[in-house]
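K.L.:
Here you go, final39.txt (compact mmCIF, C-alpha atoms):
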```txt
# COMPACT_ATOMS: atom_id res chain seq x y z
CA MET A 93 -37.74 2.44 -1.90
CA GLU A 94 -35.22 0.68 0.31
CA LYS A 95 -31.85 2.41 0.44
CA LEU A 96 -28.94 0.19 -0.55
CA THR A 97 -25.96 0.01 1.77
CA ALA A 98 -22.35 -0.61 0.84
CA CYS A 99 -20.59 -3.85 1.71
CA GLN A 100 -18.52 -3.36 4.86
CA ARG A 101 -15.55 -5.23 3.39
CA CYS A 102 -15.21 -4.31 -0.29
CA GLY A 103 -17.13 -1.02 -0.07
CA PHE A 104 -19.34 -1.58 -3.12
CA THR A 105 -23.09 -1.09 -3.10
CA HIS A 106 -24.32 -2.66 -6.34
CA GLN A 107 -21.86 -5.49 -6.80
CA CYS A 108 -20.04 -7.06 -3.87
CA ILE A 109 -16.70 -8.49 -5.02
CA CYS A 110 -15.75 -10.19 -1.76
CA PRO A 111 -15.90 -13.64 -3.42
CA GLN A 112 -13.25 -12.45 -5.90
CA ILE A 113 -10.79 -11.25 -3.22
CA PRO A 114 -7.78 -13.59 -3.47
CA ALA A 115 -6.27 -15.02 -0.29
CA LEU A 116 -2.60 -14.90 -1.24
CA GLU A 117 0.20 -16.84 0.39
CA SER A 118 3.05 -14.39 0.85
CA SER A 119 6.07 -14.12 3.11
CA VAL A 120 6.40 -10.36 2.52
CA ASN A 121 5.69 -8.24 5.61
CA ILE A 122 4.12 -4.84 4.90
CA ALA A 123 3.22 -2.07 7.31
CA LEU A 124 1.00 0.60 5.77
CA LEU A 125 1.55 3.95 7.43
CA THR A 126 -1.74 5.55 6.47
CA HIS A 127 -2.42 9.27 6.35
CA GLU A 128 -5.66 10.01 8.18
CA ASN A 129 -7.13 11.61 5.04
CA GLU A 130 -7.00 8.20 3.34
CA LEU A 131 -9.52 6.84 5.84
CA LYS A 132 -12.17 9.09 4.30
CA ARG A 133 -11.38 8.25 0.67
CA ASP A 134 -13.18 5.45 -1.11
CA THR A 135 -10.37 5.59 -3.69
CA ASN A 136 -7.83 4.26 -1.17
CA THR A 137 -6.16 1.07 -2.47
CA GLY A 138 -4.17 0.23 0.64
CA LYS A 139 -7.21 -1.73 1.78
CA LEU A 140 -6.74 -4.08 -1.18
CA LEU A 141 -3.37 -5.12 0.23
CA GLN A 142 -4.92 -5.70 3.64
CA GLN A 143 -7.69 -7.79 2.07
CA THR A 144 -5.33 -10.06 0.14
CA LEU A 145 -1.99 -10.30 1.97
CA PRO A 146 -1.66 -12.20 5.27
CA ASN A 147 1.20 -10.07 6.61
CA CYS A 148 -0.08 -6.57 5.91
CA GLN A 149 -1.26 -4.25 8.68
CA SER A 150 -2.22 -0.59 8.67
CA TYR A 151 -1.14 2.06 11.19
CA ILE A 152 -2.42 5.63 11.30
CA TRP A 153 0.22 8.34 10.85
CA GLN A 154 0.13 11.21 13.31
CA ARG A 155 2.36 14.26 13.12
CA LYS A 156 3.27 14.42 16.80
CA SER A 157 3.86 10.77 17.60
CA ALA A 158 4.74 7.48 15.94
CA PRO A 159 2.29 4.56 16.18
CA ALA A 160 3.34 2.73 19.36
CA GLU A 161 2.62 -0.74 17.99
CA LEU A 162 4.63 -0.13 14.81
CA MET A 163 7.53 1.40 16.75
CA ALA A 164 7.64 -1.61 19.05
CA MET A 165 7.84 -3.89 16.03
CA ILE A 166 10.61 -1.84 14.38
CA GLN A 167 12.69 -1.97 17.54
CA GLU A 168 12.58 -5.76 17.78
CA ASP A 169 15.95 -7.46 17.18
CA THR A 170 14.23 -9.94 14.88
CA VAL A 171 12.94 -7.20 12.55
CA GLN A 172 14.75 -5.09 9.96
CA ALA A 173 12.49 -2.26 8.83
CA LEU A 174 12.89 -0.74 5.35
CA LEU A 175 11.02 2.37 4.22
CA LEU A 176 9.71 2.34 0.66
CA PHE A 177 10.38 5.92 -0.36
CA PRO A 178 12.31 7.05 -3.46
CA SER A 179 14.98 9.59 -2.52
CA GLU A 180 18.64 10.39 -3.01
CA GLN A 181 19.37 8.10 -0.07
CA SER A 182 17.22 5.17 -1.19
CA VAL A 183 18.63 1.96 -2.61
CA ASP A 184 16.99 -0.37 -5.12
CA VAL A 185 14.98 -2.93 -3.18
CA ILE A 186 16.64 -5.83 -5.01
CA GLU A 187 20.12 -4.61 -4.03
CA ILE A 188 19.32 -4.07 -0.39
CA THR A 189 17.63 -7.44 0.06
CA GLU A 190 20.96 -9.02 -0.85
CA VAL A 191 22.35 -7.38 2.30
CA TYR A 192 19.29 -7.71 4.56
CA PRO A 193 17.99 -9.47 6.50
CA ALA A 194 20.59 -10.73 8.93
CA GLU A 195 20.23 -14.24 10.28
CA ASN A 196 17.02 -14.76 12.27
CA GLN A 197 15.64 -11.42 11.06
CA LYS A 198 12.62 -10.67 8.92
CA LEU A 199 12.17 -7.67 6.66
CA LEU A 200 9.35 -5.24 7.31
CA PHE A 201 8.53 -2.92 4.42
CA ILE A 202 6.90 0.35 5.50
CA VAL A 203 4.70 1.88 2.79
CA LEU A 204 3.42 5.44 3.10
CA ASP A 205 -0.27 5.25 2.24
CA GLY A 206 -1.49 8.61 0.97
CA THR A 207 -1.11 10.99 -1.94
CA TRP A 208 2.42 11.78 -3.05
CA GLN A 209 2.12 15.22 -1.44
CA GLU A 210 0.97 13.63 1.82
CA ALA A 211 3.77 11.05 1.71
CA LYS A 212 6.37 13.82 1.44
CA LYS A 213 4.74 15.64 4.35
CA MET A 214 4.81 12.46 6.41
CA MET A 215 8.53 12.08 5.74
CA ASN A 216 9.36 15.71 6.49
CA LYS A 217 7.41 15.80 9.74
CA SER A 218 8.48 12.40 11.11
CA PRO A 219 12.13 12.31 12.19
CA TRP A 220 11.72 8.68 13.25
CA LEU A 221 10.92 7.70 9.66
CA GLN A 222 14.10 9.37 8.42
CA THR A 223 16.21 7.00 10.55
CA ILE A 224 14.93 3.92 8.69
CA PRO A 225 16.91 2.69 5.63
CA GLN A 226 15.11 3.79 2.48
CA VAL A 227 14.50 1.63 -0.58
CA HIS A 228 12.81 2.23 -3.91
CA LEU A 229 11.14 0.14 -6.59
CA THR A 230 11.78 0.34 -10.31
CA PRO A 231 8.46 0.39 -12.20
CA SER A 232 8.54 -0.91 -15.76
CA LEU A 233 5.07 0.42 -16.61
CA ASP A 234 3.09 3.57 -15.88
CA SER A 235 0.37 3.43 -13.27
CA ALA A 236 -3.00 2.00 -14.31
CA TYR A 237 -4.70 3.80 -11.44
CA THR A 238 -7.43 6.08 -12.79
CA LEU A 239 -9.47 6.98 -9.71
CA ARG A 240 -7.66 10.20 -8.86
CA ARG A 241 -6.76 13.22 -10.94
CA ASN A 242 -3.35 14.81 -11.39
CA GLN A 243 -1.39 11.58 -11.11
CA ASN A 244 2.26 12.18 -11.98
CA SER A 245 4.05 9.78 -14.30
CA GLY A 246 6.00 7.17 -12.37
CA HIS A 247 3.85 7.48 -9.24
CA LEU A 248 2.06 4.28 -8.33
CA CYS A 249 -0.95 3.84 -6.07
CA THR A 250 -0.51 1.86 -2.86
CA CYS A 251 -1.84 -1.40 -4.30
CA GLU A 252 0.49 -1.14 -7.30
CA VAL A 253 3.42 -0.56 -4.93
CA GLY A 254 2.51 -3.75 -3.11
CA SER A 255 2.19 -5.72 -6.34
CA LEU A 256 5.51 -4.47 -7.68
CA LEU A 257 7.19 -5.20 -4.35
CA LEU A 258 5.98 -8.80 -4.45
CA SER A 259 7.19 -9.15 -8.03
CA GLN A 260 10.65 -7.73 -7.37
CA LEU A 261 11.03 -9.99 -4.33
CA GLY A 262 10.34 -13.06 -6.45
CA GLU A 263 6.67 -13.65 -5.62
CA THR A 264 5.58 -13.26 -9.23
CA GLU A 265 2.46 -15.42 -9.09
CA GLN A 266 1.16 -13.55 -6.06
CA ALA A 267 1.94 -10.24 -7.78
CA GLN A 268 -0.01 -11.30 -10.88
CA ALA A 269 -3.01 -12.40 -8.82
CA LEU A 270 -2.97 -9.13 -6.87
CA ASN A 271 -2.69 -7.14 -10.09
CA GLN A 272 -5.63 -8.99 -11.65
CA TYR A 273 -7.76 -8.26 -8.58
CA PHE A 274 -6.67 -4.60 -8.68
CA HIS A 275 -7.75 -4.20 -12.32
CA HIS A 276 -11.07 -5.93 -11.59
CA TYR A 277 -11.55 -3.59 -8.64
CA LEU A 278 -11.01 -0.54 -10.87
CA LYS A 279 -13.67 -1.72 -13.35
CA VAL A 280 -16.22 -2.47 -10.63
CA PHE A 281 -15.48 0.86 -8.90
CA GLN A 282 -16.39 2.86 -11.99
CA ALA A 283 -19.58 0.87 -12.52
CA ASP A 284 -20.62 0.94 -8.87
CA LYS A 285 -20.19 4.72 -8.59
CA SER A 286 -22.40 5.17 -11.66
CA GLY A 287 -25.11 3.22 -9.86
CA HIS A 288 -25.16 -0.20 -11.45
CA ALA A 289 -23.46 -3.59 -11.38
CA LEU A 290 -20.71 -4.47 -13.80
CA LYS A 291 -22.02 -6.49 -16.75
```
Would you mind giving the structure from this file in structure tokens?
P.N.:
Amino acid sequence: MEKLTACQRCGFTHQCICPQIPALESSVNIALLTHENELKRDTNTGKLLQQTLPNCQSYIWQRKSAPAELMAMIQEDTVQALLLFPSEQSVDVIEITEVYPAENQKLLFIVLDGTWQEAKKMMNKSPWLQTIPQVHLTPSLDSAYTLRRNQNSGHLCTCEVGSLLLSQLGETEQAQALNQYFHHYLKVFQADKSGHALK
């Protein structure tokens, strides 16, 4: 019996959903700072943002050094980086976007792509991250993400963070399309892992 292989893009074996991946028009710039453990997890949803958003790139976090390409971008005069991380120092994203960006600047939102425990570790062990202005989102609903255990209330997965960011920056149609794709992805994931296509 021929062994089935997973699709290189969507990762599914029994039902490729590449035709359902929306190509969204968005002006929001996102840099995913991805913990290396996420690269081994098929439950990672940061890839959904990369699949759908034109201005979303991923950079691998390393404890001893910052990604050179991302650092070069942050240091450009035409870029104002903002770190999406809820803390005592963080400001609501809607408030801070009334201040930023300055003329001829674009905003770059850095999203820590990993578990909540990993995200805190990334912050604590990366002094360069702590120098970037921090912003937070205000979720109105609990996470719909069901692929990992021990999810704390109020913690969103990476794709949900991206969707909420789009929504709170006024790109509501793009946020809805991304959210619909995310929910479809969750249904197909459960079916695919059980060994059959979604009916």
K.L.:
Calculated over all atoms listed in the file, which of the candidates A:Ala267, A:Val183, A:Leu175, A:Ile188 has the smallest distance to Leu145 of chain A?
P.N.:
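Checking each of A:Ala267, A:Val183, A:Leu175, A:Ile188 against Leu145 of chain A, counting all atoms listed in the file, the winner is A:Ala267.
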K.L.:
Tell me which protein, DNA and RNA residues are within 10 Å of segment 133-139 of chain A, counting all atoms listed in the file, leaving out same-chain ones fewer than 3 positions away, and put them as a ChimeraX atom specification.
P.N.:
/A:101-104,124-126,128-130,142-144,148-150,203-207,237-240,249-254,274,277-278,281
K.L.:
Hey, what's within 12 Å of segment 105-109 of chain A if we count all atoms listed in the file and toss same-chain stuff fewer than 2 positions away? As an MDAnalysis selection string, please?
P.N.:
chainID A and resid 95:103 111:114 140 143 273:274 276:291
K.L.:
So which residues touch segment 156-169 of chain A within 8 Å, counting all atoms listed in the file, skipping near sequence neighbours fewer than 4 positions away, as a PyMOL selection string?
P.N.:
chain A and resi 123+151-152+173+197+200+218+220
K.L.:
Which distance in Å separates atom CA of Pro146 of chain A and atom CA of Gln272 of chain A, to one decimal?
P.N.:
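Straight-line distance from atom CA of Pro146 of chain A to atom CA of Gln272 of chain A works out to 17.7 Å.
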K.L.:
In terms of the shortest atom-to-atom distance over only C-alpha atoms, which of A:Val120, A:Pro193, A:Asp184, A:Arg155 is closest to Lys217 of chain A?
P.N.:
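Counting only C-alpha atoms, the residue closest to Lys217 of chain A is A:Arg155.
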K.L.:
Rounded to one decimal place, report the atom CA of Gln172 of chain A-atom CA of Tyr192 of chain A distance in Å.
P.N.:
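Computing it gives 7.5 Å between the two atoms.
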